[in-house]
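S.K.: Sending over structure11.cif (mmCIF, C-alpha atoms).
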data_coords
loop_
_atom_site.label_atom_id
_atom_site.label_comp_id
_atom_site.auth_asym_id
_atom_site.auth_seq_id
_atom_site.Cartn_x
_atom_site.Cartn_y
_atom_site.Cartn_z
CA MET A 250 -56.54 -26.71 -14.02
CA LYS A 251 -56.06 -23.69 -16.28
CA PRO A 252 -59.44 -22.29 -17.40
CA SER A 253 -60.13 -22.41 -21.15
CA LYS A 254 -59.64 -19.19 -23.13
CA ARG A 255 -62.97 -17.49 -23.88
CA THR A 256 -61.79 -14.68 -26.13
CA LEU A 257 -60.37 -14.46 -29.64
CA SER A 258 -58.52 -11.42 -30.96
CA LEU A 259 -59.77 -9.71 -34.11
CA LYS A 260 -56.54 -10.77 -35.87
CA GLU A 261 -57.22 -14.43 -35.03
CA ARG A 262 -60.93 -14.13 -35.83
CA GLY A 263 -60.73 -12.14 -39.08
CA PHE A 264 -63.08 -9.25 -39.98
CA ASP A 265 -65.64 -10.98 -42.19
CA PHE A 266 -69.41 -10.51 -42.69
CA GLU A 267 -70.30 -12.36 -39.46
CA THR A 268 -67.86 -10.33 -37.37
CA PHE A 269 -69.09 -7.05 -38.85
CA MET A 270 -72.75 -7.97 -38.22
CA TRP A 271 -71.95 -9.21 -34.71
CA PHE A 272 -70.52 -5.75 -34.00
CA TYR A 273 -73.40 -3.98 -35.80
CA THR A 274 -76.02 -5.94 -33.84
CA ARG A 275 -74.57 -4.78 -30.53
CA ILE A 276 -74.01 -1.17 -31.60
CA SER A 277 -77.51 -0.92 -33.10
CA ALA A 278 -79.00 -2.37 -29.89
CA LEU A 279 -77.22 0.29 -27.82
CA ALA A 280 -78.40 2.97 -30.27
CA MET A 281 -82.01 1.76 -29.96
CA TYR A 282 -81.82 1.87 -26.13
CA LEU A 283 -80.71 5.49 -26.51
CA PHE A 284 -83.49 6.38 -28.99
CA GLY A 285 -86.14 4.72 -26.81
CA PHE A 286 -84.88 6.52 -23.72
CA VAL A 287 -84.74 9.89 -25.52
CA ALA A 288 -88.31 9.35 -26.83
CA LEU A 289 -89.56 8.46 -23.34
CA LEU A 290 -87.81 11.45 -21.79
CA GLY A 291 -89.09 13.72 -24.56
CA ALA A 292 -92.65 12.49 -24.06
CA MET A 293 -92.45 13.30 -20.35
CA VAL A 294 -91.08 16.79 -21.07
CA MET A 295 -93.83 17.42 -23.67
CA GLY A 296 -96.61 16.55 -21.24
CA ALA A 297 -97.31 12.83 -21.74
CA ARG A 298 -98.06 12.35 -18.03
CA LEU A 299 -101.17 14.52 -18.29
CA HIS A 300 -102.42 13.72 -21.79
CA MET A 301 -101.41 10.14 -22.68
CA THR A 302 -102.10 6.63 -21.39
CA LEU A 303 -99.33 4.16 -20.61
CA ALA A 304 -100.05 2.30 -23.89
CA ASP A 305 -99.62 5.58 -25.82
CA VAL A 306 -96.30 6.31 -24.09
CA ILE A 307 -94.99 2.79 -24.78
CA ARG A 308 -95.95 3.09 -28.47
CA TRP A 309 -94.27 6.50 -28.72
CA SER A 310 -91.10 5.20 -27.02
CA PHE A 311 -90.88 2.30 -29.51
CA MET A 312 -91.26 4.71 -32.43
CA PRO A 313 -91.64 8.50 -31.98
CA THR A 314 -93.98 9.25 -34.87
CA LEU A 315 -97.15 11.26 -35.42
CA TYR A 316 -99.15 8.03 -35.94
CA HIS A 317 -98.53 7.12 -32.31
CA VAL A 318 -99.91 10.37 -30.85
CA GLN A 319 -102.78 11.07 -33.25
CA ASN A 320 -105.38 9.39 -31.04
CA THR A 321 -104.18 10.78 -27.71
CA ASN A 322 -105.44 13.80 -25.75
CA ILE A 323 -102.39 16.00 -26.29
CA PRO A 324 -103.56 19.60 -26.89
CA ALA A 325 -100.89 20.68 -29.43
CA ILE A 326 -99.37 18.24 -31.95
CA GLU A 327 -96.56 20.53 -33.24
CA PRO A 328 -93.81 19.63 -30.71
CA TRP A 329 -94.39 15.92 -31.41
CA VAL A 330 -93.83 16.23 -35.17
CA SER A 331 -90.72 18.39 -35.15
CA LEU A 332 -87.66 17.76 -37.35
CA PHE A 333 -85.85 16.33 -34.33
CA TRP A 334 -88.41 13.55 -33.86
CA LYS A 335 -88.52 12.78 -37.59
CA LEU A 336 -84.73 12.42 -37.67
CA THR A 337 -84.69 10.36 -34.45
CA ALA A 338 -87.42 8.07 -35.80
CA SER A 339 -85.64 7.72 -39.18
CA LEU A 340 -82.40 6.64 -37.48
CA PHE A 341 -84.46 4.32 -35.26
CA VAL A 342 -85.98 2.70 -38.39
CA LEU A 343 -82.57 2.23 -40.07
CA PHE A 344 -80.98 0.64 -36.99
CA ALA A 345 -84.05 -1.43 -36.10
CA ALA A 346 -84.50 -2.78 -39.64
CA GLY A 347 -80.84 -3.84 -39.89
CA HIS A 348 -80.83 -5.31 -36.38
CA GLY A 349 -84.13 -7.17 -36.80
CA LEU A 350 -83.55 -8.53 -40.28
CA HIS A 351 -80.05 -9.68 -39.43
CA GLY A 352 -81.50 -11.41 -36.35
CA LEU A 353 -84.00 -13.15 -38.60
CA LEU A 354 -81.17 -14.16 -40.93
CA SER A 355 -79.20 -15.59 -37.98
CA VAL A 356 -82.17 -17.75 -36.97
CA ILE A 357 -82.72 -18.93 -40.57
CA GLU A 358 -79.01 -19.72 -41.07
CA GLU A 359 -79.04 -22.01 -38.06
CA TYR A 360 -81.42 -24.29 -39.94
CA MET A 361 -80.26 -23.53 -43.49
CA THR A 362 -77.18 -25.64 -44.22
CA ILE A 363 -76.90 -25.36 -48.02
CA PRO A 364 -74.27 -22.68 -48.87
CA TRP A 365 -75.90 -21.27 -52.05
CA LEU A 366 -79.25 -21.00 -50.26
CA ARG A 367 -77.55 -19.17 -47.38
CA ARG A 368 -76.00 -16.71 -49.85
CA THR A 369 -79.40 -16.23 -51.53
CA PHE A 370 -81.06 -15.52 -48.19
CA ARG A 371 -78.40 -12.92 -47.40
CA MET A 372 -79.23 -11.12 -50.64
CA VAL A 373 -82.98 -11.36 -49.92
CA VAL A 374 -82.50 -9.95 -46.42
CA LEU A 375 -80.32 -7.11 -47.77
CA ALA A 376 -83.07 -6.23 -50.28
CA LEU A 377 -85.67 -6.42 -47.50
CA TRP A 378 -83.58 -4.09 -45.35
CA VAL A 379 -83.51 -1.48 -48.13
CA GLY A 380 -87.25 -1.93 -48.85
CA VAL A 381 -88.41 -1.87 -45.23
CA SER A 382 -86.20 1.14 -44.42
CA TYR A 383 -87.60 3.00 -47.43
CA ILE A 384 -91.24 2.31 -46.50
CA GLY A 385 -90.60 3.21 -42.85
CA ILE A 386 -88.85 6.49 -43.60
CA TYR A 387 -91.41 7.37 -46.29
CA LEU A 388 -94.24 6.89 -43.77
CA LEU A 389 -92.45 9.00 -41.16
CA TRP A 390 -91.83 11.95 -43.46
CA THR A 391 -95.23 11.94 -45.18
CA ALA A 392 -97.33 11.60 -42.00
CA ALA A 393 -99.91 14.38 -41.87
CA MET B 704 -71.09 -29.04 -49.47
CA GLY B 705 -73.53 -28.45 -46.63
CA LEU B 706 -72.48 -27.84 -43.04
CA LYS B 707 -72.29 -30.92 -40.82
CA ARG B 708 -74.85 -31.02 -38.00
CA THR B 709 -74.13 -33.11 -34.95
CA VAL B 710 -77.33 -32.54 -32.93
CA ARG B 711 -80.46 -34.43 -33.97
CA LEU B 712 -83.96 -33.09 -33.25
CA GLY B 713 -84.64 -35.79 -30.64
CA GLU B 714 -81.43 -34.91 -28.79
CA ALA B 715 -82.22 -31.19 -28.99
CA LEU B 716 -85.67 -31.69 -27.48
CA ARG B 717 -84.21 -33.72 -24.60
CA TYR B 718 -81.64 -31.02 -23.85
CA ARG B 719 -82.20 -29.41 -20.44
CA GLY B 720 -80.50 -26.04 -20.67
CA GLN B 721 -82.55 -24.46 -17.84
CA GLY B 722 -82.33 -20.66 -17.34
CA PRO B 723 -79.86 -19.78 -20.13
CA MET B 724 -81.75 -22.01 -22.60
CA LEU B 725 -85.07 -20.36 -21.68
CA ALA B 726 -83.52 -16.90 -22.11
CA PHE B 727 -82.06 -17.96 -25.49
CA LEU B 728 -85.44 -19.28 -26.67
CA LEU B 729 -87.44 -16.26 -25.46
CA HIS B 730 -84.90 -13.90 -27.05
CA ARG B 731 -85.35 -15.68 -30.40
CA ILE B 732 -89.15 -15.91 -30.19
CA GLY B 733 -89.39 -12.26 -29.13
CA GLY B 734 -87.04 -11.10 -31.87
CA VAL B 735 -88.85 -12.94 -34.66
CA SER B 736 -92.25 -11.80 -33.29
CA MET B 737 -91.12 -8.18 -33.38
CA VAL B 738 -89.78 -8.45 -36.94
CA VAL B 739 -93.12 -9.89 -38.08
CA PHE B 740 -95.13 -7.36 -36.03
CA VAL B 741 -93.18 -4.27 -37.15
CA GLY B 742 -93.04 -5.47 -40.77
CA LEU B 743 -96.79 -6.10 -40.97
CA HIS B 744 -97.55 -2.89 -39.05
CA MET B 745 -95.54 -0.85 -41.56
CA VAL B 746 -97.04 -2.58 -44.59
CA ALA B 747 -100.56 -2.15 -43.12
CA SER B 748 -99.94 1.58 -42.56
CA PHE B 749 -98.45 1.91 -46.06
CA VAL B 750 -101.25 0.02 -47.85
CA GLY B 751 -104.09 1.33 -45.68
CA GLY B 752 -107.70 0.44 -46.59
CA ASP B 753 -109.55 -2.48 -45.01
CA PHE B 754 -106.36 -4.53 -44.67
CA GLY B 755 -104.60 -1.69 -42.83
CA ARG B 756 -107.57 -1.10 -40.53
CA PHE B 757 -107.88 -4.82 -39.74
CA VAL B 758 -104.17 -5.34 -38.93
CA ASN B 759 -103.82 -2.15 -36.91
CA GLY B 760 -107.11 -2.97 -35.14
CA VAL B 761 -105.62 -6.28 -33.95
CA TYR B 762 -102.47 -4.47 -32.85
CA GLN B 763 -104.46 -2.02 -30.73
CA HIS B 764 -106.04 -4.76 -28.61
CA TRP B 765 -104.57 -4.78 -25.10
CA LEU B 766 -103.90 -8.56 -25.18
CA PHE B 767 -101.78 -8.21 -28.30
CA GLN B 768 -100.02 -5.20 -26.77
CA ALA B 769 -99.26 -7.28 -23.66
CA TYR B 770 -97.72 -9.99 -25.88
CA ILE B 771 -95.61 -7.65 -28.01
CA TYR B 772 -94.57 -5.67 -24.90
CA PHE B 773 -93.36 -8.96 -23.37
CA CYS B 774 -91.32 -9.64 -26.52
CA ALA B 775 -89.83 -6.15 -26.68
CA LEU B 776 -89.07 -5.73 -22.97
CA PHE B 777 -87.56 -9.20 -22.55
CA HIS B 778 -85.57 -8.85 -25.78
CA ALA B 779 -84.25 -5.46 -24.63
CA ILE B 780 -83.26 -6.57 -21.11
CA ASN B 781 -81.80 -9.91 -22.26
CA GLY B 782 -80.02 -8.12 -25.11
CA LEU B 783 -78.42 -5.72 -22.64
CA ARG B 784 -77.15 -8.71 -20.63
CA ILE B 785 -75.68 -10.21 -23.82
CA VAL B 786 -73.94 -6.93 -24.76
CA ILE B 787 -72.48 -6.58 -21.23
CA MET B 788 -71.28 -10.22 -21.23
CA ASP B 789 -69.71 -9.75 -24.68
CA LEU B 790 -67.91 -6.58 -23.65
CA TRP B 791 -66.62 -8.09 -20.39
CA PRO B 792 -66.24 -11.87 -21.08
CA LYS B 793 -64.99 -12.55 -17.54
CA LEU B 794 -68.57 -11.91 -16.38
CA LEU B 795 -69.63 -15.08 -18.22
CA GLU B 796 -68.64 -16.93 -15.04
CA HIS B 797 -71.70 -15.30 -13.46
CA GLN B 798 -74.10 -15.83 -16.34
CA ARG B 799 -76.75 -17.70 -14.31
CA GLU B 800 -76.80 -15.02 -11.63
CA ALA B 801 -77.10 -12.38 -14.38
CA ILE B 802 -80.15 -14.19 -15.75
CA TRP B 803 -81.79 -14.24 -12.30
CA LEU B 804 -81.08 -10.50 -12.04
CA GLU B 805 -82.58 -10.02 -15.49
CA TRP B 806 -85.84 -11.71 -14.40
CA ALA B 807 -85.84 -9.65 -11.20
CA VAL B 808 -85.76 -6.49 -13.32
CA PHE B 809 -88.16 -7.73 -15.99
CA LEU B 810 -91.00 -9.21 -13.93
CA PRO B 811 -92.02 -6.17 -11.82
CA ILE B 812 -91.79 -3.76 -14.77
CA TYR B 813 -93.77 -6.10 -16.99
CA ALA B 814 -96.40 -7.03 -14.40
CA LEU B 815 -97.07 -3.40 -13.51
CA SER B 816 -97.26 -2.34 -17.16
CA VAL B 817 -99.62 -5.16 -18.10
CA PHE B 818 -101.84 -4.33 -15.12
CA TRP B 819 -102.19 -0.77 -16.48
CA LEU B 820 -102.58 -1.94 -20.11
CA ALA B 821 -105.40 -4.27 -19.00
CA ARG B 822 -107.06 -1.51 -16.97
CA ILE B 823 -106.99 0.82 -19.96
CA GLY B 824 -108.04 -1.97 -22.33
CA LEU B 825 -110.96 -3.03 -20.16
CA GLY B 826 -112.04 0.59 -19.77
CA GLY B 827 -111.12 0.86 -16.08
#
How does the structure come out when it is put into structure tokens?
M.R.:
Amino acid sequence: MKPSKRTLSLKERGFDFETFMWFYTRISALAMYLFGFVALLGAMVMGARLHMTLADVIRWSFMPTLYHVQNTNIPAIEPWVSLFWKLTASLFVLFAAGHGLHGLLSVIEEYMTIPWLRRTFRMVVLALWVGVSYIGIYLLWTAA
Amino acid sequence: MGLKRTVRLGEALRYRGQGPMLAFLLHRIGGVSMVVFVGLHMVASFVGGDFGRFVNGVYQHWLFQAYIYFCALFHAINGLRIVIMDLWPKLLEHQREAIWLEWAVFLPIYALSVFWLARIGLGG
């Protein structure tokens, strides 16, 4: 018996909102793996092994911000609050907010069957993405 | 017009999806937990005051960290499996084996990390 076809070309599928977000979800996940790995590697280079606990390192890897190293034993804070880490963390926030909120929308849409309510939720999630990204980036750049 | 649903709640609860179903459920639970956790954490840091101190105090407890670390690590490893399967659909034939491999990677990393988190949390 011939196995059933598991793939659909983009031409057959059409490039709509769902297809775009399907692609974005995967790309943003790969980007977050990269940011987490860079943060972990950076922490090791900057001396985390000697001055931080495992919990501190995990927190820093999830989000490389000053707030996550303030209560550690690191002797000099400057390398941890450089422009590079602020930019990395800002990109992390943008990708994570889009990825997470779209995931939440996917879960909601599985139980939300009324079309106008689904459209409303999409608008709410879009507004939340802008709001959450703004708060996150504001906190990162005003940390002192 | 609403979408037509063909699976009733009773049928869904009787469904025995085994490994893939468990991975699907944990991925969802972990994802939603992280959205709630990160959202509240950011709002608490933004607002500050007693509310901020209370929320961030809960988040600093080792038991909560063990829970959210479970969510994040499982979501990340399971997500990587999903991305790989999506990029190479022929691998879907080996989905169950991939899930066993996923647990084989997840469990030792998680167990070791939680052991250390508990040691730190309990002042050891």
S.K.: Considering all atoms listed in the file, give me a table of residues in chain A that are at most 7 Å from chain B, with the closest atom pair and distance in Å for each, as JSON lines.
M.R.:
{"residue": "A:Arg275", "atom": "CA", "partner": "B:Val786", "partner_atom": "CA", "distance": 6.2}
{"residue": "A:Leu303", "atom": "CA", "partner": "B:Leu820", "partner_atom": "CA", "distance": 6.9}
{"residue": "A:Ala304", "atom": "CA", "partner": "B:Leu820", "partner_atom": "CA", "distance": 6.2}
{"residue": "A:Gly349", "atom": "CA", "partner": "B:Val738", "partner_atom": "CA", "distance": 5.8}
{"residue": "A:Leu353", "atom": "CA", "partner": "B:Val735", "partner_atom": "CA", "distance": 6.3}
{"residue": "A:Thr362", "atom": "CA", "partner": "B:Gly705", "partner_atom": "CA", "distance": 5.2}
{"residue": "A:Ile363", "atom": "CA", "partner": "B:Gly705", "partner_atom": "CA", "distance": 4.8}
{"residue": "A:Pro364", "atom": "CA", "partner": "B:Gly705", "partner_atom": "CA", "distance": 6.2}
{"residue": "A:Gly385", "atom": "CA", "partner": "B:Met745", "partner_atom": "CA", "distance": 6.5}
{"residue": "A:Leu388", "atom": "CA", "partner": "B:Phe749", "partner_atom": "CA", "distance": 6.9}
S.K.: What is the CA of Gly751 (chain B) to CA of Met295 (chain A) distance in Å?
M.R.: 29.1 Å
S.K.: Using the chain letters and numbers from this file, what does the PyMOL selection byres ((chain A and resi 344) around 12) select? Give the answer as an MDAnalysis selection string.
M.R.: chainID A and resid 270 273:284 312 337:343 345:351 378:379 381:382 385:386
S.K.: Could the residues in this selection be saved with C-alpha atoms as a JSON list (two decimals), keeping the file's coordinate frame?
M.R.:
[["chain", "number", "residue", "atom", "x", "y", "z"],
["A", 270, "MET", "CA", -72.75, -7.97, -38.22],
["A", 273, "TYR", "CA", -73.40, -3.98, -35.80],
["A", 274, "THR", "CA", -76.02, -5.94, -33.84],
["A", 275, "ARG", "CA", -74.57, -4.78, -30.53],
["A", 276, "ILE", "CA", -74.01, -1.17, -31.60],
["A", 277, "SER", "CA", -77.51, -0.92, -33.10],
["A", 278, "ALA", "CA", -79.00, -2.37, -29.89],
["A", 279, "LEU", "CA", -77.22, 0.29, -27.82],
["A", 280, "ALA", "CA", -78.40, 2.97, -30.27],
["A", 281, "MET", "CA", -82.01, 1.76, -29.96],
["A", 282, "TYR", "CA", -81.82, 1.87, -26.13],
["A", 283, "LEU", "CA", -80.71, 5.49, -26.51],
["A", 284, "PHE", "CA", -83.49, 6.38, -28.99],
["A", 312, "MET", "CA", -91.26, 4.71, -32.43],
["A", 337, "THR", "CA", -84.69, 10.36, -34.45],
["A", 338, "ALA", "CA", -87.42, 8.07, -35.80],
["A", 339, "SER", "CA", -85.64, 7.72, -39.18],
["A", 340, "LEU", "CA", -82.40, 6.64, -37.48],
["A", 341, "PHE", "CA", -84.46, 4.32, -35.26],
["A", 342, "VAL", "CA", -85.98, 2.70, -38.39],
["A", 343, "LEU", "CA", -82.57, 2.23, -40.07],
["A", 345, "ALA", "CA", -84.05, -1.43, -36.10],
["A", 346, "ALA", "CA", -84.50, -2.78, -39.64],
["A", 347, "GLY", "CA", -80.84, -3.84, -39.89],
["A", 348, "HIS", "CA", -80.83, -5.31, -36.38],
["A", 349, "GLY", "CA", -84.13, -7.17, -36.80],
["A", 350, "LEU", "CA", -83.55, -8.53, -40.28],
["A", 351, "HIS", "CA", -80.05, -9.68, -39.43],
["A", 378, "TRP", "CA", -83.58, -4.09, -45.35],
["A", 379, "VAL", "CA", -83.51, -1.48, -48.13],
["A", 381, "VAL", "CA", -88.41, -1.87, -45.23],
["A", 382, "SER", "CA", -86.20, 1.14, -44.42],
["A", 385, "GLY", "CA", -90.60, 3.21, -42.85],
["A", 386, "ILE", "CA", -88.85, 6.49, -43.60]]
S.K.: Using all atoms of region 342-358 of chain A listed in the file and a margin of 6 Å per side, can you give the axis-aligned box centre and edge lengths in Å to one decimal, as JSON?
M.R.:
{"center_x": -82.5, "center_y": -8.5, "center_z": -38.6, "size_x": 19.0, "size_y": 34.4, "size_z": 17.0}
S.K.: Could you list as a VMD selection string every residue that has an atom within 9 Å of (-88.8, -6.2, -18.8), using the file's coordinates and counting only C-alpha atoms?
M.R.: chain B and resid 772 to 781 805 to 814
S.K.: Show me, as a list in words, the residues that have an atom within 8 Å of Ile802 (chain B) when counting only C-alpha atoms, minus same-chain residues fewer than 2 positions from it.
M.R.: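 Using only C-alpha atoms, the neighbours found are Gly722, Pro723, Ala726, Asn781, Arg784, Gln798, Arg799, Glu800, Leu804, Glu805 and Trp806 of chain B.
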S.K.: Since we have the selection now, will you write its residues out, keeping C-alpha atoms, as an mmCIF file, in the coordinates of the input?
M.R.:
data_model
loop_
_atom_site.group_PDB
_atom_site.id
_atom_site.type_symbol
_atom_site.label_atom_id
_atom_site.label_comp_id
_atom_site.auth_asym_id
_atom_site.auth_seq_id
_atom_site.Cartn_x
_atom_site.Cartn_y
_atom_site.Cartn_z
ATOM 1 C CA GLY B 722 -82.330 -20.660 -17.340
ATOM 2 C CA PRO B 723 -79.860 -19.780 -20.130
ATOM 3 C CA ALA B 726 -83.520 -16.900 -22.110
ATOM 4 C CA ASN B 781 -81.800 -9.910 -22.260
ATOM 5 C CA ARG B 784 -77.150 -8.710 -20.630
ATOM 6 C CA GLN B 798 -74.100 -15.830 -16.340
ATOM 7 C CA ARG B 799 -76.750 -17.700 -14.310
ATOM 8 C CA GLU B 800 -76.800 -15.020 -11.630
ATOM 9 C CA LEU B 804 -81.080 -10.500 -12.040
ATOM 10 C CA GLU B 805 -82.580 -10.020 -15.490
ATOM 11 C CA TRP B 806 -85.840 -11.710 -14.400
#
S.K.: Using the chain letters and numbers from the file, which residues does the PyMOL selection byres ((chain A and resi 292) around 12) grab, as a ChimeraX atom specification?
M.R.: /A:285-291,293-303,305-314,317-318,323,326,328-330,334
S.K.: As an exercise, work out the distance from CA of Leu377 (chain A) to CA of Gly352 (chain A) in Å and give it to one decimal place.
M.R.: 12.9 Å
S.K.: Tell me, in Å to one decimal, how far CA of Arg371 (chain A) is from CA of Glu267 (chain A).
M.R.: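 Value for the CA of Arg371 (chain A)-CA of Glu267 (chain A) distance: 11.4 Å.
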S.K.: Could you check the closest approach to Met788 (chain B) for each of B:Ala801, B:Leu729, B:Phe757, B:Tyr718 and tell me which residue wins, using only C-alpha atoms?
M.R.: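 Closest residue, counting only C-alpha atoms: B:Ala801.
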S.K.: Of the residues A:Ser355, A:Thr268, A:Ser331, A:Asn322, which is the one nearest to Val374 (chain A), using all atoms listed in the file?
M.R.: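 Smallest separation from Val374 (chain A) among the options: A:Ser355.
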